[in-house]
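Here's protein_0.txt, which has compact mmCIF, C-alpha atoms:
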```
# COMPACT_ATOMS: atom_id res chain seq x y z
CA MET N 1 0.00 0.00 0.00
CA LYS N 2 1.13 3.56 -0.74
CA LYS N 3 0.24 4.56 2.84
CA PHE N 4 2.71 2.00 4.20
CA PHE N 5 5.38 3.28 1.81
CA ALA N 6 4.76 6.86 3.01
CA PHE N 7 5.10 5.61 6.59
CA GLN N 8 8.44 4.01 5.70
CA VAL N 9 9.69 7.29 4.23
CA LEU N 10 8.51 9.24 7.30
CA ILE N 11 10.28 6.84 9.67
CA ALA N 12 13.42 7.07 7.52
CA LEU N 13 13.31 10.89 7.79
CA PHE N 14 13.07 10.71 11.57
CA ILE N 15 15.82 8.10 11.98
CA GLY N 16 18.09 10.01 9.60
CA ALA N 17 17.64 13.22 11.62
CA LEU N 18 18.48 11.38 14.84
CA ILE N 19 21.61 9.84 13.32
CA GLY N 20 22.76 13.19 11.98
CA HIS N 21 22.18 14.92 15.33
CA PHE N 22 23.78 12.35 17.65
CA PHE N 23 26.41 10.92 15.26
CA PRO N 24 27.22 13.80 12.87
CA GLU N 25 30.37 12.27 11.39
CA PHE N 26 28.61 8.98 10.66
CA GLY N 27 25.65 10.91 9.23
CA GLN N 28 27.91 12.79 6.81
CA ALA N 29 29.55 9.50 5.82
CA LEU N 30 26.13 8.29 4.58
CA LYS N 31 25.86 11.09 2.01
CA PRO N 32 27.15 8.96 -0.95
CA ILE N 33 24.21 6.58 -0.42
CA GLY N 34 21.76 9.49 -0.70
CA THR N 35 23.57 10.87 -3.74
CA ALA N 36 23.41 7.43 -5.37
CA PHE N 37 19.62 7.37 -4.85
CA ILE N 38 19.20 10.80 -6.46
CA ASN N 39 21.38 9.69 -9.40
CA LEU N 40 19.24 6.56 -9.83
CA ILE N 41 16.16 8.75 -10.28
CA LYS N 42 17.88 11.33 -12.46
CA MET N 43 19.02 8.66 -14.92
CA ILE N 44 15.33 7.85 -15.54
CA VAL N 45 13.94 11.38 -15.81
CA VAL N 46 15.07 12.43 -19.30
CA PRO N 47 14.03 9.19 -21.08
CA ILE N 48 10.57 9.36 -19.44
CA VAL N 49 10.08 13.04 -20.20
CA PHE N 50 11.23 12.71 -23.80
CA THR N 51 9.20 9.61 -24.67
CA THR N 52 5.97 10.70 -22.96
CA ILE N 53 6.07 14.18 -24.49
CA VAL N 54 6.73 12.75 -27.95
CA ILE N 55 3.80 10.34 -27.56
CA GLY N 56 1.51 13.08 -26.22
CA SER N 57 2.35 15.68 -28.86
CA ALA N 58 2.19 13.15 -31.70
CA GLY N 59 -1.35 12.26 -30.71
CA SER N 60 -2.47 15.82 -30.11
CA GLY N 61 -3.81 16.18 -33.60
CA ASN N 62 -2.37 19.50 -34.73
CA ARG N 63 -0.17 22.45 -33.83
CA LYS N 64 -3.20 24.54 -32.83
CA LYS N 65 -4.08 22.04 -30.10
CA MET N 66 -0.52 22.01 -28.75
CA GLY N 67 -0.48 25.81 -28.87
CA SER N 68 -3.69 25.92 -26.85
CA LEU N 69 -2.19 23.58 -24.24
CA GLY N 70 1.00 25.64 -24.02
CA LEU N 71 -0.87 28.94 -23.68
CA LYS N 72 -3.22 27.69 -20.97
CA THR N 73 -0.30 26.16 -19.05
CA ILE N 74 1.67 29.42 -19.13
CA ILE N 75 -1.41 31.43 -18.08
CA TRP N 76 -1.93 29.17 -15.06
CA PHE N 77 1.77 29.26 -14.11
CA GLU N 78 1.86 33.06 -14.26
CA PHE N 79 -1.38 33.43 -12.30
CA ILE N 80 -0.28 31.17 -9.44
CA THR N 81 3.23 32.69 -9.41
CA THR N 82 1.81 36.21 -9.01
CA VAL N 83 -0.56 35.18 -6.20
CA ILE N 84 2.21 33.37 -4.28
CA LEU N 85 4.61 36.30 -4.70
CA ALA N 86 1.94 38.58 -3.23
CA ILE N 87 1.47 36.23 -0.26
CA GLY N 88 5.23 36.16 0.35
CA LEU N 89 5.58 39.94 0.21
CA LEU N 90 2.58 40.39 2.53
CA LEU N 91 3.99 37.97 5.13
CA ALA N 92 7.47 39.52 4.98
CA ASN N 93 6.04 43.02 5.50
CA LEU N 94 3.76 41.95 8.36
CA LEU N 95 6.18 39.68 10.27
CA LYS N 96 9.46 41.49 9.37
CA PRO N 97 11.89 38.52 9.68
CA GLY N 98 14.95 40.69 9.00
CA GLU N 99 14.21 43.61 11.29
CA GLY N 100 16.71 44.21 14.10
CA LEU N 101 19.03 41.42 12.96
CA ASN N 102 22.75 41.69 13.82
CA LEU N 103 24.41 40.19 10.74
CA SER N 104 27.94 40.18 12.18
CA HIS N 105 27.27 37.10 14.34
CA LEU N 106 25.65 34.96 11.65
CA ALA N 107 27.32 32.23 9.66
CA HIS N 108 28.34 33.20 6.13
CA LYS N 109 28.88 30.87 3.21
CA ASP N 110 31.06 31.42 0.15
CA ILE N 111 28.78 32.24 -2.80
CA THR N 112 31.38 33.30 -5.38
CA ALA N 113 30.59 30.18 -7.41
CA LEU N 114 27.00 31.41 -7.85
CA ASN N 115 27.90 34.72 -9.51
CA ASP N 116 28.34 33.40 -13.08
CA SER N 117 25.03 31.57 -12.93
CA ALA N 118 23.30 34.64 -11.51
CA SER N 119 24.30 36.74 -14.52
CA LYS N 120 22.71 34.11 -16.79
CA ILE N 121 19.45 34.23 -14.84
CA ILE N 122 19.17 38.00 -15.26
CA ASP N 123 19.65 37.71 -19.03
CA PHE N 124 16.07 36.81 -19.97
CA LYS N 125 16.81 36.87 -23.71
CA ALA N 126 19.54 34.27 -23.23
CA MET N 127 17.10 32.14 -21.24
CA LEU N 128 14.63 32.13 -24.13
CA VAL N 129 17.33 31.37 -26.70
CA ASN N 130 18.70 28.49 -24.60
CA ILE N 131 15.33 26.75 -24.61
CA ILE N 132 16.17 25.84 -28.21
CA PRO N 133 18.93 23.19 -27.94
CA SER N 134 21.84 23.42 -30.37
CA ASN N 135 22.64 19.80 -29.48
CA ILE N 136 19.83 17.66 -28.10
CA VAL N 137 22.23 14.98 -26.82
CA ASP N 138 24.11 17.63 -24.84
CA ALA N 139 20.82 19.03 -23.48
CA MET N 140 19.82 15.54 -22.34
CA ALA N 141 23.21 14.99 -20.72
CA ARG N 142 22.80 18.25 -18.75
CA ASN N 143 19.20 17.36 -17.74
CA ASP N 144 18.03 20.62 -19.34
CA LEU N 145 14.35 19.72 -19.28
CA LEU N 146 13.06 22.85 -21.02
CA ALA N 147 15.32 22.18 -24.00
CA VAL N 148 14.33 18.49 -24.01
CA LEU N 149 10.68 19.53 -23.79
CA PHE N 150 11.01 21.88 -26.76
CA PHE N 151 12.69 19.27 -28.97
CA ALA N 152 10.29 16.49 -27.91
CA ILE N 153 7.23 18.60 -28.80
CA LEU N 154 8.60 19.36 -32.26
CA PHE N 155 9.64 15.72 -32.75
CA GLY N 156 6.19 14.47 -31.72
CA MET N 157 4.36 16.99 -33.91
CA ALA N 158 6.51 15.99 -36.88
CA ALA N 159 5.82 12.31 -36.17
CA GLY N 160 2.08 12.99 -36.04
CA ALA N 161 2.27 14.93 -39.31
CA ILE N 162 3.73 12.03 -41.31
CA GLY N 163 1.12 9.57 -40.07
CA LYS N 164 1.69 5.85 -40.54
CA ALA N 165 5.33 6.27 -41.48
CA SER N 166 6.06 7.18 -37.85
CA GLU N 167 4.39 4.09 -36.36
CA PRO N 168 7.63 2.10 -35.79
CA ALA N 169 9.21 5.04 -33.98
CA MET N 170 6.08 5.64 -31.89
CA LYS N 171 5.84 1.98 -30.87
CA PHE N 172 9.48 2.20 -29.81
CA MET N 173 8.74 5.33 -27.76
CA GLU N 174 5.77 3.65 -26.06
CA SER N 175 7.87 0.60 -25.25
CA VAL N 176 10.69 2.71 -23.79
CA ALA N 177 8.21 4.75 -21.70
CA ASN N 178 6.65 1.58 -20.24
CA ILE N 179 10.06 0.13 -19.44
CA MET N 180 11.18 3.35 -17.74
CA PHE N 181 8.03 3.52 -15.61
CA LYS N 182 8.64 -0.07 -14.50
CA LEU N 183 12.26 0.81 -13.75
CA THR N 184 10.99 3.73 -11.67
CA GLN N 185 8.95 1.35 -9.51
CA MET N 186 12.07 -0.75 -8.99
CA VAL N 187 14.22 2.24 -8.06
CA MET N 188 11.61 3.62 -5.66
CA THR N 189 11.99 0.55 -3.45
CA THR N 190 15.30 2.11 -2.33
CA ALA N 191 13.69 5.47 -1.46
CA PRO N 192 13.56 4.98 2.36
CA ILE N 193 17.28 4.14 2.40
CA GLY N 194 18.12 7.17 0.26
CA VAL N 195 15.91 9.45 2.36
CA LEU N 196 17.53 8.26 5.61
CA ALA N 197 21.04 8.85 4.22
CA LEU N 198 20.26 12.32 2.88
CA MET N 199 18.60 13.48 6.11
CA ALA N 200 21.44 12.11 8.24
CA ALA N 201 24.02 13.84 6.04
CA SER N 202 22.17 17.18 6.11
CA VAL N 203 21.67 17.28 9.88
CA GLY N 204 25.20 15.94 10.44
CA GLN N 205 26.75 18.64 8.24
CA TYR N 206 24.73 21.69 9.26
CA GLY N 207 23.49 20.76 12.71
CA LEU N 208 20.43 22.12 14.49
CA VAL N 209 22.30 24.94 16.28
CA LEU N 210 22.78 26.75 12.96
CA LEU N 211 19.03 27.27 12.69
CA LEU N 212 18.59 29.33 15.88
CA PRO N 213 19.91 32.75 14.71
CA MET N 214 17.74 32.58 11.60
CA ALA N 215 14.71 31.01 13.26
CA LYS N 216 12.39 33.91 12.37
CA LEU N 217 13.19 33.75 8.65
CA ILE N 218 12.77 29.97 8.67
CA GLY N 219 9.48 30.35 10.54
CA VAL N 220 8.09 32.92 8.09
CA VAL N 221 9.05 30.82 5.06
CA TYR N 222 7.55 27.66 6.56
CA LEU N 223 4.40 29.56 7.57
CA GLY N 224 4.04 30.91 4.04
CA LEU N 225 4.48 27.45 2.52
CA ALA N 226 1.89 26.04 4.93
CA ILE N 227 -0.57 28.81 3.90
CA ILE N 228 -0.03 27.87 0.25
CA ILE N 229 -0.38 24.11 0.74
CA PHE N 230 -3.26 24.13 3.23
CA GLY N 231 -4.92 27.45 2.42
CA LEU N 232 -4.41 28.76 -1.11
CA PHE N 233 -4.41 25.43 -2.96
CA PRO N 234 -7.52 24.04 -1.20
CA LEU N 235 -9.34 27.34 -1.80
CA ILE N 236 -8.58 27.24 -5.53
CA ALA N 237 -9.47 23.55 -5.64
CA TYR N 238 -12.80 24.22 -3.92
CA PHE N 239 -13.88 26.70 -6.60
CA LEU N 240 -12.73 24.33 -9.35
CA LYS N 241 -14.44 21.32 -7.71
CA ILE N 242 -11.22 19.40 -7.17
CA PRO N 243 -11.03 17.09 -4.08
CA TYR N 244 -7.72 18.62 -3.02
CA PHE N 245 -7.02 16.69 0.17
CA LYS N 246 -7.89 13.38 -1.45
CA VAL N 247 -5.41 14.17 -4.22
CA PHE N 248 -2.83 15.36 -1.69
CA ARG N 249 -3.05 12.02 0.14
CA MET N 250 -2.41 10.32 -3.20
CA VAL N 251 1.01 12.00 -3.46
CA TRP N 252 1.85 12.22 0.26
CA ASP N 253 4.77 9.80 -0.02
CA LEU N 254 6.20 11.76 -2.97
CA PHE N 255 5.81 14.96 -0.92
CA LEU N 256 8.02 13.42 1.79
CA ILE N 257 10.62 12.22 -0.72
CA ALA N 258 10.80 15.68 -2.32
CA PHE N 259 11.20 17.16 1.17
CA SER N 260 14.14 14.93 2.08
CA THR N 261 15.95 14.93 -1.28
CA THR N 262 15.35 18.65 -2.11
CA SER N 263 14.84 17.62 -5.72
CA THR N 264 11.54 17.49 -7.61
CA GLU N 265 13.25 15.39 -10.28
CA THR N 266 13.37 12.46 -7.86
CA ILE N 267 9.57 12.19 -7.89
CA LEU N 268 8.90 13.26 -11.48
CA PRO N 269 8.33 9.79 -13.03
CA GLN N 270 6.01 8.63 -10.24
CA LEU N 271 4.16 11.96 -10.21
CA MET N 272 3.50 11.77 -13.95
CA GLU N 273 2.30 8.18 -13.66
CA ARG N 274 -0.09 8.95 -10.81
CA MET N 275 -1.57 12.03 -12.44
CA GLU N 276 -2.28 10.08 -15.60
CA SER N 277 -3.81 7.30 -13.50
CA TYR N 278 -5.93 9.85 -11.63
CA GLY N 279 -7.56 11.09 -14.81
CA CYS N 280 -5.34 13.68 -16.49
CA SER N 281 -4.58 12.95 -20.14
CA LYS N 282 -1.09 11.75 -21.12
CA ARG N 283 -0.73 14.78 -23.41
CA VAL N 284 -1.35 17.23 -20.57
CA VAL N 285 0.68 15.33 -17.96
CA SER N 286 3.70 14.97 -20.24
CA PHE N 287 3.71 18.73 -20.95
CA VAL N 288 2.58 20.41 -17.72
CA ILE N 289 4.66 18.56 -15.12
CA PRO N 290 8.08 18.59 -16.88
CA SER N 291 7.67 22.25 -17.86
CA GLY N 292 6.53 22.98 -14.32
CA LEU N 293 9.95 21.97 -12.98
CA SER N 294 11.27 25.26 -14.34
CA LEU N 295 8.17 27.41 -14.69
CA ASN N 296 5.96 26.42 -11.75
CA CYS N 297 8.16 26.31 -8.64
CA ASP N 298 5.56 27.46 -6.12
CA GLY N 299 7.65 26.85 -3.01
CA SER N 300 10.68 28.57 -4.48
CA THR N 301 8.53 31.54 -5.50
CA LEU N 302 7.38 32.07 -1.90
CA TYR N 303 10.96 31.66 -0.66
CA LEU N 304 12.26 34.27 -3.10
CA SER N 305 9.70 36.92 -2.17
CA VAL N 306 10.21 36.48 1.60
CA CYS N 307 14.01 36.35 1.39
CA SER N 308 14.21 39.41 -0.87
CA ILE N 309 12.32 41.54 1.67
CA PHE N 310 14.36 39.91 4.46
CA LEU N 311 17.56 41.22 2.83
CA ALA N 312 16.15 44.74 2.63
CA GLN N 313 15.03 44.66 6.27
CA ALA N 314 18.27 43.11 7.56
CA PHE N 315 20.38 45.82 5.90
CA GLY N 316 18.02 48.66 6.78
CA ILE N 317 17.02 49.44 3.19
CA PRO N 318 13.49 50.93 2.99
CA MET N 319 11.31 49.63 0.15
CA ASP N 320 8.04 51.43 -0.55
CA PHE N 321 5.03 49.88 -2.31
CA GLY N 322 6.22 50.91 -5.77
CA GLN N 323 9.67 49.42 -5.24
CA GLN N 324 8.13 46.18 -4.03
CA LEU N 325 5.97 46.03 -7.15
CA ILE N 326 9.15 46.37 -9.24
CA LEU N 327 10.72 43.60 -7.14
CA MET N 328 7.66 41.46 -7.80
CA GLY N 329 7.98 42.05 -11.55
CA VAL N 330 11.66 41.08 -11.49
CA LEU N 331 10.84 37.90 -9.54
CA VAL N 332 8.15 36.91 -12.06
CA VAL N 333 10.92 36.83 -14.69
CA THR N 334 13.90 35.52 -12.73
CA SER N 335 11.95 32.76 -10.96
CA LYS N 336 11.55 30.99 -14.31
CA GLY N 337 15.25 30.10 -14.38
CA ILE N 338 15.29 28.14 -11.13
CA ALA N 339 15.77 24.66 -12.56
CA ALA N 340 18.33 25.72 -15.16
CA VAL N 341 21.31 25.96 -12.79
CA PRO N 342 22.68 24.20 -9.70
CA SER N 343 21.52 25.72 -6.36
CA GLY N 344 18.76 27.29 -8.46
CA SER N 345 16.81 29.23 -5.81
CA LEU N 346 19.96 30.73 -4.28
CA VAL N 347 21.20 31.75 -7.71
CA VAL N 348 17.85 33.38 -8.54
CA LEU N 349 17.86 35.18 -5.17
CA LEU N 350 21.37 36.48 -5.90
CA ALA N 351 20.31 37.55 -9.41
CA THR N 352 17.23 39.33 -8.05
CA ALA N 353 19.20 41.09 -5.31
CA THR N 354 21.69 42.28 -7.91
CA ALA N 355 18.93 43.47 -10.27
CA VAL N 356 17.06 45.57 -7.69
CA GLY N 357 20.06 46.88 -5.77
CA LEU N 358 19.83 44.76 -2.62
CA PRO N 359 23.13 43.76 -0.95
CA ALA N 360 24.28 40.50 -2.53
CA GLU N 361 26.45 39.65 0.50
CA GLY N 362 23.25 38.99 2.44
CA VAL N 363 22.67 35.94 0.24
CA ALA N 364 25.77 34.39 1.85
CA ILE N 365 23.96 34.48 5.21
CA ILE N 366 20.83 32.82 3.83
CA ALA N 367 23.04 30.21 2.10
CA GLY N 368 24.05 28.95 5.53
CA ILE N 369 20.50 27.73 6.23
CA ASP N 370 19.44 27.13 2.63
CA ARG N 371 19.22 23.36 3.00
CA VAL N 372 16.50 23.71 5.66
CA LEU N 373 14.51 26.11 3.49
CA ASP N 374 15.16 24.04 0.37
CA MET N 375 13.47 20.96 1.84
CA ALA N 376 10.20 22.78 2.49
CA ARG N 377 10.07 24.78 -0.74
CA THR N 378 10.78 21.65 -2.84
CA ALA N 379 8.06 19.70 -1.06
CA CYS N 380 5.61 22.56 -1.71
CA ASN N 381 6.26 22.22 -5.43
CA THR N 382 4.68 18.73 -5.37
CA PRO N 383 1.03 19.73 -4.72
CA GLY N 384 1.63 22.74 -6.99
CA HIS N 385 2.42 20.45 -9.93
CA VAL N 386 -0.55 18.23 -9.09
CA LEU N 387 -3.00 21.15 -8.99
CA ALA N 388 -1.60 22.63 -12.22
CA CYS N 389 -1.97 19.31 -14.01
CA ILE N 390 -5.62 18.86 -12.97
CA VAL N 391 -6.54 22.49 -13.70
CA VAL N 392 -5.07 22.43 -17.21
CA SER N 393 -6.58 18.97 -17.91
CA LYS N 394 -10.04 20.28 -16.99
CA TRP N 395 -9.45 23.46 -18.97
CA GLU N 396 -8.53 21.35 -22.01
CA LYS N 397 -11.57 19.10 -21.35
CA GLU N 398 -9.28 16.08 -21.14
CA PHE N 399 -9.94 15.03 -17.55
CA ARG N 400 -11.49 11.60 -16.98
CA GLN N 401 -13.95 10.83 -14.19
CA GLU N 402 -12.68 10.08 -10.70
CA GLU N 403 -14.39 6.65 -10.75
CA GLU N 404 -11.87 5.57 -13.37
CA TRP N 405 -9.04 6.56 -11.03
CA ILE N 406 -10.53 4.41 -8.23
CA HIS N 407 -10.64 1.48 -10.66
CA ASN N 408 -7.01 2.09 -11.66
CA GLN N 409 -5.93 2.29 -8.00
CA ALA N 410 -7.22 -1.21 -7.41
CA LYS N 411 -4.95 -2.50 -10.20
CA GLN N 412 -1.83 -0.50 -9.22
CA PRO N 413 1.08 -2.44 -7.72
CA ASN N 414 2.68 -1.37 -4.44
CA ILE N 415 5.45 1.10 -5.30
CA GLY N 416 7.43 -0.45 -2.48
CA GLN N 417 7.66 -3.67 -4.48
CA ALA N 418 9.60 -4.27 -7.67
```
Would you give me this structure, written as structure tokens?
Amino acid sequence: MKKFFAFQVLIALFIGALIGHFFPEFGQALKPIGTAFINLIKMIVVPIVFTTIVIGSAGSGNRKKMGSLGLKTIIWFEFITTVILAIGLLLANLLKPGEGLNLSHLAHKDITALNDSASKIIDFKAMLVNIIPSNIVDAMARNDLLAVLFFAILFGMAAGAIGKASEPAMKFMESVANIMFKLTQMVMTTAPIGVLALMAASVGQYGLVLLLPMAKLIGVVYLGLAIIIFGLFPLIAYFLKIPYFKVFRMVWDLFLIAFSTTSTETILPQLMERMESYGCSKRVVSFVIPSGLSLNCDGSTLYLSVCSIFLAQAFGIPMDFGQQLILMGVLVVTSKGIAAVPSGSLVVLLATATAVGLPAEGVAIIAGIDRVLDMARTACNTPGHVLACIVVSKWEKEFRQEEEWIHNQAKQPNIGQA
């Protein structure tokens, strides 16, 4: 049962935290096991994304239909991004996490390695150009999902345009997709071990004492993420007649895995499979969720808005309403580059601080506790992807009835078994 698997992951999180706290050196020594688990998942992601998008776009009928899907997806992403940014700015202004903070006593982290990436994030034109891969093999090797997405859509549309001549290739794609989903089930049996190792390594490396000086910032970010997950999303779902909490329970174990691994990629294959099983069409699932990894990072969006105001408050820089609106506009653009670079959210925060004149050295302070914030914001992305997928499926009139999902659930194997 998926509930038992979620329980295993939760226990692994708890045990890993205990190991990291009481035996920090041993906890850090477990990090290669966690890294190996993440690599196992990452090796599956690109083949699944490529094959499912090709299959979905080939069967979409025409370019107009794909254009409609793309437009509706972008509209939803921009709407939810704007609302979450507003929530983050409101919380930061009300609770003032950076006010009265003495920065001289806080731990700093070297962020010089982030500077080159930050300049790329600011260059929005370069971001758009880089979506078009000059070498698709290189894009796949770098796990550049937006570039893979772009090529796969064109490939699938071309395959659909030539009709029967593409049938051998499409059968091959379907076969590869089925194999990769089965491989995902096999890999996920190791998830509790990977989660335990990653949590032990994180707590062992950073410790719990590090969190105390920045407790207010951590508290505001976690409060904001809780408002999004248990307030904003259920409210939207209520108006759209989506049983939000029933769906949330369906992906609870994936939520925990995303929390512990700080990587949405680790749950991508399972998330796509479950959303298709729930009733979303393959065409919508294969487009919305992979593109959402870069364009729909709800948790990271909240984090960026709160931390940006935190920097201004901590350094005593007043920001009036107009300046905060400008900041919001910059974040709408820069937040779309999160998945394109390592340490994505930190890089985007550095890029945003640079763009609006906030002190970049403050990012070095936040970097010291980034792992703790990263776990929560990554987990928040999970229900965000789920809601986006259902909303766009209903908007495209390609959502099947819930009764079909219940029937599919009865046939689904335990993801804890190979």
If we count all atoms listed in the file and set the cut-off at 8 Å, which residues sit around N:Cys297, ignoring sequence neighbours fewer than 5 positions away in its own chain? Please answer as a compact mmCIF listing (two decimals) with C-alpha atoms, keeping the file's coordinate frame.
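To be explicit, this is the file written out as selection29.txt:
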```
# COMPACT_ATOMS: atom_id res chain seq x y z
CA GLY N 292 6.53 22.98 -14.32
CA SER N 335 11.95 32.76 -10.96
CA ILE N 338 15.29 28.14 -11.13
CA THR N 378 10.78 21.65 -2.84
CA ASN N 381 6.26 22.22 -5.43
CA GLY N 384 1.63 22.74 -6.99
```
Under the rule of at most 12 Å, produce a per-residue listing of stretch 282-368 of chain N near stretch 33-56 of chain N: chain, number, name, the closest pair of atoms, and the distance in Å, as CSV, using all atoms listed in the file.
```
residue,atom,partner,partner_atom,distance
N:Lys282,CA,N:Gly56,CA,5.9
N:Arg283,CA,N:Gly56,CA,4.0
N:Val284,CA,N:Gly56,CA,7.6
N:Val285,CA,N:Ile53,CA,8.5
N:Ser286,CA,N:Ile53,CA,4.9
N:Phe287,CA,N:Ile53,CA,6.2
N:Val288,CA,N:Ile53,CA,9.8
N:Ile289,CA,N:Val49,CA,9.3
N:Pro290,CA,N:Val49,CA,6.8
N:Ser291,CA,N:Val49,CA,9.8
N:Leu293,CA,N:Val49,CA,11.5
```
Considering only C-alpha atoms, give me a table of residues in stretch 174-292 of chain N that are at most 8 Å from stretch 298-309 of chain N, with the closest atom pair and distance in Å for each, as a tab-separated table.
```
residue	atom	partner	partner_atom	distance
N:Leu217	CA	N:Cys307	CA	7.8
N:Val220	CA	N:Val306	CA	7.7
N:Val221	CA	N:Tyr303	CA	6.1
N:Gly224	CA	N:Leu302	CA	6.9
N:Leu225	CA	N:Gly299	CA	6.4
```
From N:Cys389, N:Ser260, N:Leu13, N:Arg377, residue lying nearest N:Glu276 [all atoms listed in the file] = N:Cys389
Within 10 Å of N:Asp138, counting only C-alpha atoms, which residues show up once you throw out same-chain ones fewer than 6 positions away? Write them as a list in words, please.
-> Asp144, Ala147 and Val148 of chain N
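Atom CA of N:Ser68 sits 16.0 Å away from atom CA of N:Leu149.
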The residue from N:Val137, N:Leu91, N:Leu358, N:Ala177 with the smallest atom-to-atom distance to N:Ile227, counting all atoms listed in the file, is N:Leu91
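Our summary of the geometry notes that atom CA of N:Ile267 is positioned 16.7 Å from atom CA of N:Leu295.
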Skip N:Phe239 itself and residues of its chain fewer than 6 positions away, then list as a CSV table (one decimal) with C-alpha atoms, keeping the file's coordinate frame all residues within 12 Å of it, counting only C-alpha atoms.
```csv
chain,number,residue,atom,x,y,z
N,232,LEU,CA,-4.4,28.8,-1.1
N,233,PHE,CA,-4.4,25.4,-3.0
N,391,VAL,CA,-6.5,22.5,-13.7
```
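Picture a line from atom CA of N:Val348 to atom CA of N:Ala376; it runs 17.1 Å.
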Given the choices N:Phe7, N:Ala367, N:Asn296, N:Ile317, which gets closest to N:Ile74 if the distance is worked out from all atoms listed in the file?
-> N:Asn296
Would you mind listing what lies within 12 Å of N:Pro243 as number ranges by chain, with all atoms listed in the file counted and same-chain residues fewer than 5 positions away left out?
-> N: 233-238, 248-250, 278, 386-387, 390-391, 402
Identify which of the residues N:Ala17, N:Ile326, N:Val251, N:Met140 lies closest to N:Ala355, counting all atoms listed in the file when measuring atom-to-atom distances.
-> N:Ile326
Counting all atoms listed in the file, figure out which residue out of N:Val9, N:Ala353, N:Ala165, N:Ile136 gets nearest to N:Met188.
-> N:Val9
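Residue nearest N:Thr184 within the list N:Val332, N:Met272, N:Leu325, N:Leu311: N:Met272 [criterion: smallest interatomic distance, only C-alpha atoms].
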Near-N:Ile162 list (10 Å; only C-alpha atoms; drop same-chain fewer than 5 positions) as a list in words = Ala58, Met157 and Glu167 of chain N
Would you mind completing stretch 41-51 of chain N so that it carries N, CA, C and O atoms, and writing it out as a CSV table (one decimal), keeping the file's coordinate frame?
```
chain,number,residue,atom,x,y,z
N,41,ILE,N,17.4,8.1,-9.8
N,41,ILE,CA,16.2,8.8,-10.3
N,41,ILE,C,16.5,9.6,-11.5
N,41,ILE,O,15.8,9.6,-12.5
N,42,LYS,N,17.5,10.4,-11.4
N,42,LYS,CA,17.9,11.3,-12.5
N,42,LYS,C,18.2,10.6,-13.8
N,42,LYS,O,17.9,11.1,-14.8
N,43,MET,N,18.7,9.4,-13.7
N,43,MET,CA,19.0,8.7,-14.9
N,43,MET,C,17.7,8.2,-15.7
N,43,MET,O,17.8,8.0,-16.9
N,44,ILE,N,16.6,8.3,-14.9
N,44,ILE,CA,15.3,7.8,-15.5
N,44,ILE,C,14.6,9.0,-16.1
N,44,ILE,O,13.8,8.9,-17.0
N,45,VAL,N,14.8,10.2,-15.5
N,45,VAL,CA,13.9,11.4,-15.8
N,45,VAL,C,13.9,11.8,-17.3
N,45,VAL,O,12.8,11.9,-17.9
N,46,VAL,N,15.1,12.0,-17.9
N,46,VAL,CA,15.1,12.4,-19.3
N,46,VAL,C,14.4,11.4,-20.3
N,46,VAL,O,13.6,11.8,-21.1
N,47,PRO,N,14.7,10.1,-20.2
N,47,PRO,CA,14.0,9.2,-21.1
N,47,PRO,C,12.5,9.2,-20.9
N,47,PRO,O,11.8,9.1,-21.9
N,48,ILE,N,12.0,9.3,-19.7
N,48,ILE,CA,10.6,9.4,-19.4
N,48,ILE,C,10.0,10.6,-20.0
N,48,ILE,O,8.9,10.6,-20.7
N,49,VAL,N,10.6,11.8,-19.7
N,49,VAL,CA,10.1,13.0,-20.2
N,49,VAL,C,10.1,13.1,-21.7
N,49,VAL,O,9.0,13.4,-22.3
N,50,PHE,N,11.1,12.7,-22.3
N,50,PHE,CA,11.2,12.7,-23.8
N,50,PHE,C,10.2,11.8,-24.5
N,50,PHE,O,9.4,12.3,-25.3
N,51,THR,N,10.1,10.6,-24.0
N,51,THR,CA,9.2,9.6,-24.7
N,51,THR,C,7.7,10.0,-24.4
N,51,THR,O,6.9,9.9,-25.4
```
